[in-house]
Amino acid sequence: MSAPIPPPSGKTEPHAAPSRDVHARPGRPVHAPVGKHGLDKVHARADGPHVPPRTAKVVLALLRKELLVELRTLESIPGMSLFAVTTFVVFHFALQQNTVSGQEAAGILWVTILFAAMLGINRLFVADADQGGFDGFLLAPVDRTALLLAKAASLLAYLLVLELVAVPAFALLLLGPPLGQALPGLLAPLALGDLGVAAIGTLVAALAVRTRARDLLGPLLALPLLVPVVIGCARASAPLFELTHAGGVPLRWLGTLALYDLVFGLVAYAVFDFLLED
Amino acid sequence: MTDLEVQVAPHTALADRPAALALSGLTRNYGERAALQDVSLRLPTGDTLVAFGPNGAGKTTLLRVLATLLRPHSGSVVVLDTKLPDDAWRVRGRIGLLGHESLLYRELSARENLRYHARLHNIGAERVEEQLSAVSMSARADEPVRTLSRGMVQRVAVARATLHSPELLLLDEPYANLDPAAIELVEPLIGAESECTRVVSSHDPGRGLAEADLVLGLRGGRVSLLTDSASVGPDAIAELYR
């Protein structure tokens, strides 16, 4: 054995009983040794045990962090919005039509929103996976469902901003009937569509981000699951885009959308914890 | 010493104290490769275990299992009186992990990162300022982490890992990227002065042995050495790397 190595500062010094040692356990033997191996080291936390935060508080903390990171990086929302506007321009020229209406218009709007949403879905967990955010979250004494709720809420926020850009751009570039007449009725399909995309998108993104082929796997899993959402939204919106403004929103399709959202919301809630497990 | 010549010395000093860690036959695989195989040890509360071993020996895997981030595939793991993985939720929040990754968002500032972690642990903002001050990062706390040097990022990571005053510190090469002054700065938080139970992964026999109460040597995921720090010298540690 080589010459002894001097211990780092404080290593062999007997520690005075920490003034804030609130963890002294009842039943601790009074003859307990002190010093290097003494129980004065035991549970000497600075300010005692912390009560785990409420889930709502965690969701807000996560959401705040999500939006702050997006605000700094601008990785999702600008890309989604630009993609949507560019797609409408492409449709404008590809269809060789100045205006579209009815089912055709609804289909173009919702397919474009779906593909634009995929850009956001693909990026949803990337910062967490690449920068250790998952580990930081998993080490905290919190309900893991908070991450699902916060991510879905942030995706919902991205979709809202996307639609604030995409719907007026769609009206400007392609839509035949005036947007004003369709807009009040369009709010319900937009809201239900966004909820479905947020629930399914968050679920799929959490699943895909831990794989090597996450950029490929995300769309491959999400698109089939989102087809019913697109169908429901397009069918619900089509009457609003008729030149004659034939009628209101079909409640049957709104009900179908709501049911689909509910089912996938529950599925996401049930399986999300397992997706975070090793 | 070969892989099969396991030197396990009894580390019985004060063994009557409660165990912070009790591992028995811990095995963890990555696919078909065993990253940890049949690791058994007991670490009394308040002591420091230093794990040595070449790259890929299983040190980081051991820390991640203890941190509840990886599930053991067989064997028994009890951390702070909590059986893993079944009751892992009980122990989260009592563990501080300082790994190779800082667990900090690069686009956020040090202060924003610490406040985010403080909210996850239900800790007040004043604790964040205390920690920033403790690692001497208050002056640059509002700059994005991506603009900080690696040493500064490591200091902020130390502040993050100890923000919630954990009982058990899991430190993966904690002094990497730190200059001597910074090492002195973080010593009260993660060194012996922290008074926490510690598991430290190290490649530095000098510092590691000085810090250790119990020394663990790993090779290929197996225990090659497990003994009191007084019973082992740098030569035996160097042997692990040959």
# chains A, B, ... in the order shown; residues from 1 in each chain; ligands from 1
call {"tool": "residues_around", "arguments": {"residues": "Cys196 of chain B", "least_positions_apart": "2", "cutoff": "6 Å", "atoms": "only C-alpha atoms", "output": "PyMOL selection string"}}
result
chain B and resi 46+167-168+194+198
call {"tool": "write_last_selection", "arguments": {"atoms": "N, CA and C atoms", "output": "compact mmCIF listing (two decimals), in the first residue's frame"}}
result
# COMPACT_ATOMS: atom_id res chain seq x y z
N GLY B 46 -24.61 7.78 6.12
CA GLY B 46 -23.60 8.79 6.39
C GLY B 46 -22.24 8.48 5.80
N GLU B 167 -30.67 13.28 1.03
CA GLU B 167 -29.99 12.47 2.04
C GLU B 167 -28.91 11.60 1.40
N LEU B 168 -29.16 11.23 0.15
CA LEU B 168 -28.23 10.37 -0.57
C LEU B 168 -27.76 11.11 -1.82
N SER B 194 -20.70 17.68 3.23
CA SER B 194 -22.14 17.70 2.97
C SER B 194 -22.90 16.86 3.99
N ARG B 198 -23.02 9.11 0.51
CA ARG B 198 -22.61 9.39 -0.87
C ARG B 198 -22.16 8.13 -1.60
call {"tool": "residues_around", "arguments": {"residues": "Leu139 of chain A", "least_positions_apart": "6", "cutoff": "9 Å", "atoms": "only C-alpha atoms", "output": "ChimeraX atom specification"}}
result
/B:67-69,92-97
call {"tool": "write_last_selection", "arguments": {"atoms": "N, CA and C atoms", "output": "short mmCIF file (atom, residue, chain, number, x, y, z; two decimals), in the first residue's frame"}}
result
data_model
loop_
_atom_site.label_atom_id
_atom_site.label_comp_id
_atom_site.auth_asym_id
_atom_site.auth_seq_id
_atom_site.Cartn_x
_atom_site.Cartn_y
_atom_site.Cartn_z
N ALA B 67 -30.56 5.62 -8.35
CA ALA B 67 -31.35 6.84 -8.51
C ALA B 67 -32.79 6.56 -8.93
N THR B 68 -33.13 5.31 -9.12
CA THR B 68 -34.46 4.83 -9.56
C THR B 68 -34.71 5.08 -11.05
N LEU B 69 -33.66 5.46 -11.78
CA LEU B 69 -33.85 5.73 -13.21
C LEU B 69 -33.76 4.45 -14.05
N ARG B 92 -37.77 9.05 -4.17
CA ARG B 92 -37.49 10.18 -5.07
C ARG B 92 -37.63 11.47 -4.27
N GLY B 93 -36.79 12.38 -4.49
CA GLY B 93 -36.82 13.60 -3.70
C GLY B 93 -35.88 13.53 -2.51
N ARG B 94 -35.40 12.33 -2.21
CA ARG B 94 -34.41 12.20 -1.12
C ARG B 94 -33.03 11.88 -1.70
N ILE B 95 -32.99 11.81 -3.02
CA ILE B 95 -31.74 11.47 -3.72
C ILE B 95 -31.31 12.64 -4.58
N GLY B 96 -30.03 12.93 -4.60
CA GLY B 96 -29.49 13.93 -5.51
C GLY B 96 -28.54 13.25 -6.47
N LEU B 97 -28.78 13.43 -7.76
CA LEU B 97 -27.94 12.78 -8.78
C LEU B 97 -27.16 13.84 -9.55
#
call {"tool": "atom_distance", "arguments": {"atom1": "atom CA of Ser165 of chain B", "atom2": "atom CA of Val199 of chain B"}}
result
15.4 Å
call {"tool": "interface_residues", "arguments": {"of": "chain B", "to": "chain A", "cutoff": "7 Å", "atoms": "only C-alpha atoms", "output": "number ranges by chain"}}
result
B: 45-47, 69-71, 89, 92-93, 101, 103-105, 107-108, 116, 119-122, 165-167, 192-193, 195-196, 206, 210-211, 232-235
call {"tool": "write_last_selection", "arguments": {"atoms": "C-alpha atoms", "output": "CSV table (one decimal), in the first residue's frame"}}
result
chain,number,residue,atom,x,y,z
B,45,THR,CA,-25.9,5.8,6.6
B,46,GLY,CA,-23.6,8.8,6.4
B,47,ASP,CA,-20.7,6.9,4.7
B,69,LEU,CA,-33.9,5.7,-13.2
B,70,LEU,CA,-33.1,2.1,-14.2
B,71,ARG,CA,-34.8,-1.0,-12.9
B,89,TRP,CA,-41.7,6.8,-5.5
B,92,ARG,CA,-37.5,10.2,-5.1
B,93,GLY,CA,-36.8,13.6,-3.7
B,101,GLU,CA,-25.3,15.2,-18.1
B,103,LEU,CA,-29.9,17.9,-16.4
B,104,LEU,CA,-30.1,21.6,-17.3
B,105,TYR,CA,-32.0,23.1,-20.2
B,107,GLU,CA,-31.7,27.6,-23.5
B,108,LEU,CA,-32.7,28.5,-20.0
B,116,TYR,CA,-37.9,24.9,-12.4
B,119,ARG,CA,-40.9,23.9,-8.2
B,120,LEU,CA,-40.7,20.2,-8.9
B,121,HIS,CA,-39.4,19.7,-5.4
B,122,ASN,CA,-41.7,22.2,-3.8
B,165,SER,CA,-31.0,18.8,0.4
B,166,PRO,CA,-30.9,15.1,-0.5
B,167,GLU,CA,-30.0,12.5,2.0
B,192,ALA,CA,-17.5,15.0,2.9
B,193,GLU,CA,-18.7,18.2,4.5
B,195,GLU,CA,-22.8,15.1,5.7
B,196,CYS,CA,-24.8,13.1,3.2
B,206,GLY,CA,-6.0,9.7,-4.7
B,210,ALA,CA,-9.4,9.9,0.6
B,211,GLU,CA,-13.1,10.4,0.4
B,232,VAL,CA,-6.7,-0.6,-0.1
B,233,GLY,CA,-4.2,1.6,-1.8
B,234,PRO,CA,-3.8,3.3,-5.2
B,235,ASP,CA,-2.0,0.3,-6.6
call {"tool": "residues_around", "arguments": {"residues": "segment 73-87 of chain B", "least_positions_apart": "3", "cutoff": "9 Å", "atoms": "only C-alpha atoms", "output": "ChimeraX atom specification"}}
result
/B:18-29,38-40,45,65-68,70,90-91,94,167-168
call {"tool": "residues_around", "arguments": {"residues": "segment 204-217 of chain A", "least_positions_apart": "2", "cutoff": "12 Å", "atoms": "only C-alpha atoms", "output": "ChimeraX atom specification"}}
result
/A:117-130,134,147-148,151-152,155,197-202,219-226,264,267-268,271-278
call {"tool": "write_last_selection", "arguments": {"atoms": "C-alpha atoms", "output": "short mmCIF file (atom, residue, chain, number, x, y, z; two decimals), in the first residue's frame"}}
result
data_model
loop_
_atom_site.label_atom_id
_atom_site.label_comp_id
_atom_site.auth_asym_id
_atom_site.auth_seq_id
_atom_site.Cartn_x
_atom_site.Cartn_y
_atom_site.Cartn_z
CA ALA A 117 -49.00 19.59 -36.09
CA MET A 118 -46.69 16.66 -36.79
CA LEU A 119 -43.75 19.07 -36.77
CA GLY A 120 -44.64 20.14 -33.24
CA ILE A 121 -45.35 16.59 -32.12
CA ASN A 122 -41.94 15.44 -33.33
CA ARG A 123 -40.20 18.18 -31.33
CA LEU A 124 -42.33 17.85 -28.21
CA PHE A 125 -39.93 15.81 -26.06
CA VAL A 126 -36.66 16.40 -27.91
CA ALA A 127 -35.23 18.95 -25.46
CA ASP A 128 -36.10 16.65 -22.56
CA ALA A 129 -34.51 13.62 -24.18
CA ASP A 130 -31.38 15.43 -25.37
CA PHE A 134 -36.55 13.36 -18.42
CA LEU A 147 -45.79 15.69 -17.56
CA LEU A 148 -48.55 14.34 -19.82
CA LYS A 151 -46.97 18.50 -22.65
CA ALA A 152 -50.51 18.17 -23.98
CA LEU A 155 -49.01 21.23 -27.73
CA VAL A 197 -54.21 15.99 -31.70
CA ALA A 198 -52.80 17.04 -28.31
CA ALA A 199 -53.74 13.78 -26.56
CA ILE A 200 -52.62 11.47 -29.35
CA GLY A 201 -49.61 13.60 -30.26
CA THR A 202 -48.29 13.67 -26.69
CA PRO A 219 -45.47 10.30 -37.86
CA LEU A 220 -45.82 6.59 -38.60
CA LEU A 221 -47.62 6.03 -35.32
CA ALA A 222 -49.48 9.31 -35.12
CA LEU A 223 -50.94 9.62 -38.61
CA PRO A 224 -53.11 6.47 -38.52
CA LEU A 225 -54.35 7.37 -35.05
CA LEU A 226 -55.15 10.91 -36.17
CA PHE A 264 -57.47 8.68 -26.27
CA VAL A 267 -55.57 5.80 -22.92
CA ALA A 268 -52.81 8.41 -22.63
CA VAL A 271 -50.22 4.29 -20.23
CA PHE A 272 -48.12 7.43 -19.91
CA ASP A 273 -46.39 6.33 -16.70
CA PHE A 274 -45.21 3.16 -18.40
CA LEU A 275 -43.74 5.14 -21.30
CA LEU A 276 -41.52 6.99 -18.85
CA GLU A 277 -40.33 3.80 -17.20
CA ASP A 278 -36.97 2.37 -18.09
#
call {"tool": "select_by_dssp", "arguments": {"residues": "segment 65-144 of chain A", "states": "alpha helix (DSSP H)", "output": "PyMOL selection string"}}
result
chain A and resi 65-73+77-94+102-123+126-130+133-138
call {"tool": "atom_distance", "arguments": {"atom1": "atom CA of Arg219 of chain B", "atom2": "atom CA of Ser202 of chain B"}}
result
13.5 Å
call {"tool": "residues_around", "arguments": {"residues": "Thr256 of chain A", "least_positions_apart": "2", "cutoff": "12 Å", "atoms": "only C-alpha atoms", "output": "list in words"}}
result
Pro189, Leu192, Gly193, Gly196, Pro228, Val229, Val230, Ile231, Gly232, Cys233, Arg235, Ala236, Pro250, Leu251, Arg252, Trp253, Leu254, Ala258, Leu259, Tyr260, Asp261, Leu262 and Val263 of chain A
call {"tool": "decode", "arguments": {"residues": "segment 226-240 of chain A", "atoms": "N, CA and C atoms", "output": "PDB file, in the first residue's frame"}}
result
ATOM      1  N   LEU A 226     -54.518   9.594 -36.007  1.00  0.00           N
ATOM      2  CA  LEU A 226     -55.147  10.907 -36.165  1.00  0.00           C
ATOM      3  C   LEU A 226     -56.112  10.973 -37.348  1.00  0.00           C
ATOM      4  N   VAL A 227     -56.146   9.921 -38.155  1.00  0.00           N
ATOM      5  CA  VAL A 227     -57.068   9.920 -39.304  1.00  0.00           C
ATOM      6  C   VAL A 227     -58.520  10.144 -38.861  1.00  0.00           C
ATOM      7  N   PRO A 228     -58.995   9.450 -37.828  1.00  0.00           N
ATOM      8  CA  PRO A 228     -60.381   9.704 -37.398  1.00  0.00           C
ATOM      9  C   PRO A 228     -60.607  11.153 -36.963  1.00  0.00           C
ATOM     10  N   VAL A 229     -59.597  11.769 -36.388  1.00  0.00           N
ATOM     11  CA  VAL A 229     -59.737  13.175 -35.981  1.00  0.00           C
ATOM     12  C   VAL A 229     -59.905  14.054 -37.218  1.00  0.00           C
ATOM     13  N   VAL A 230     -59.090  13.786 -38.223  1.00  0.00           N
ATOM     14  CA  VAL A 230     -59.178  14.577 -39.460  1.00  0.00           C
ATOM     15  C   VAL A 230     -60.535  14.364 -40.131  1.00  0.00           C
ATOM     16  N   ILE A 231     -60.968  13.112 -40.172  1.00  0.00           N
ATOM     17  CA  ILE A 231     -62.267  12.829 -40.796  1.00  0.00           C
ATOM     18  C   ILE A 231     -63.381  13.574 -40.052  1.00  0.00           C
ATOM     19  N   GLY A 232     -63.353  13.455 -38.724  1.00  0.00           N
ATOM     20  CA  GLY A 232     -64.391  14.109 -37.922  1.00  0.00           C
ATOM     21  C   GLY A 232     -64.377  15.613 -38.091  1.00  0.00           C
ATOM     22  N   CYS A 233     -63.196  16.195 -38.051  1.00  0.00           N
ATOM     23  CA  CYS A 233     -63.094  17.653 -38.177  1.00  0.00           C
ATOM     24  C   CYS A 233     -63.508  18.114 -39.577  1.00  0.00           C
ATOM     25  N   ALA A 234     -63.069  17.374 -40.586  1.00  0.00           N
ATOM     26  CA  ALA A 234     -63.400  17.766 -41.963  1.00  0.00           C
ATOM     27  C   ALA A 234     -64.910  17.658 -42.205  1.00  0.00           C
ATOM     28  N   ARG A 235     -65.516  16.578 -41.715  1.00  0.00           N
ATOM     29  CA  ARG A 235     -66.967  16.418 -41.900  1.00  0.00           C
ATOM     30  C   ARG A 235     -67.743  17.470 -41.117  1.00  0.00           C
ATOM     31  N   ALA A 236     -67.232  17.780 -39.945  1.00  0.00           N
ATOM     32  CA  ALA A 236     -67.933  18.773 -39.127  1.00  0.00           C
ATOM     33  C   ALA A 236     -67.798  20.176 -39.722  1.00  0.00           C
ATOM     34  N   SER A 237     -66.679  20.421 -40.401  1.00  0.00           N
ATOM     35  CA  SER A 237     -66.427  21.771 -40.924  1.00  0.00           C
ATOM     36  C   SER A 237     -67.014  21.993 -42.316  1.00  0.00           C
ATOM     37  N   ALA A 238     -67.190  20.908 -43.067  1.00  0.00           N
ATOM     38  CA  ALA A 238     -67.566  21.050 -44.479  1.00  0.00           C
ATOM     39  C   ALA A 238     -68.806  21.922 -44.706  1.00  0.00           C
ATOM     40  N   PRO A 239     -69.885  21.723 -43.946  1.00  0.00           N
ATOM     41  CA  PRO A 239     -71.072  22.573 -44.200  1.00  0.00           C
ATOM     42  C   PRO A 239     -70.797  24.062 -43.993  1.00  0.00           C
ATOM     43  N   LEU A 240     -69.837  24.364 -43.136  1.00  0.00           N
ATOM     44  CA  LEU A 240     -69.515  25.773 -42.864  1.00  0.00           C
ATOM     45  C   LEU A 240     -68.826  26.441 -44.038  1.00  0.00           C
TER      46      LEU A 240
END
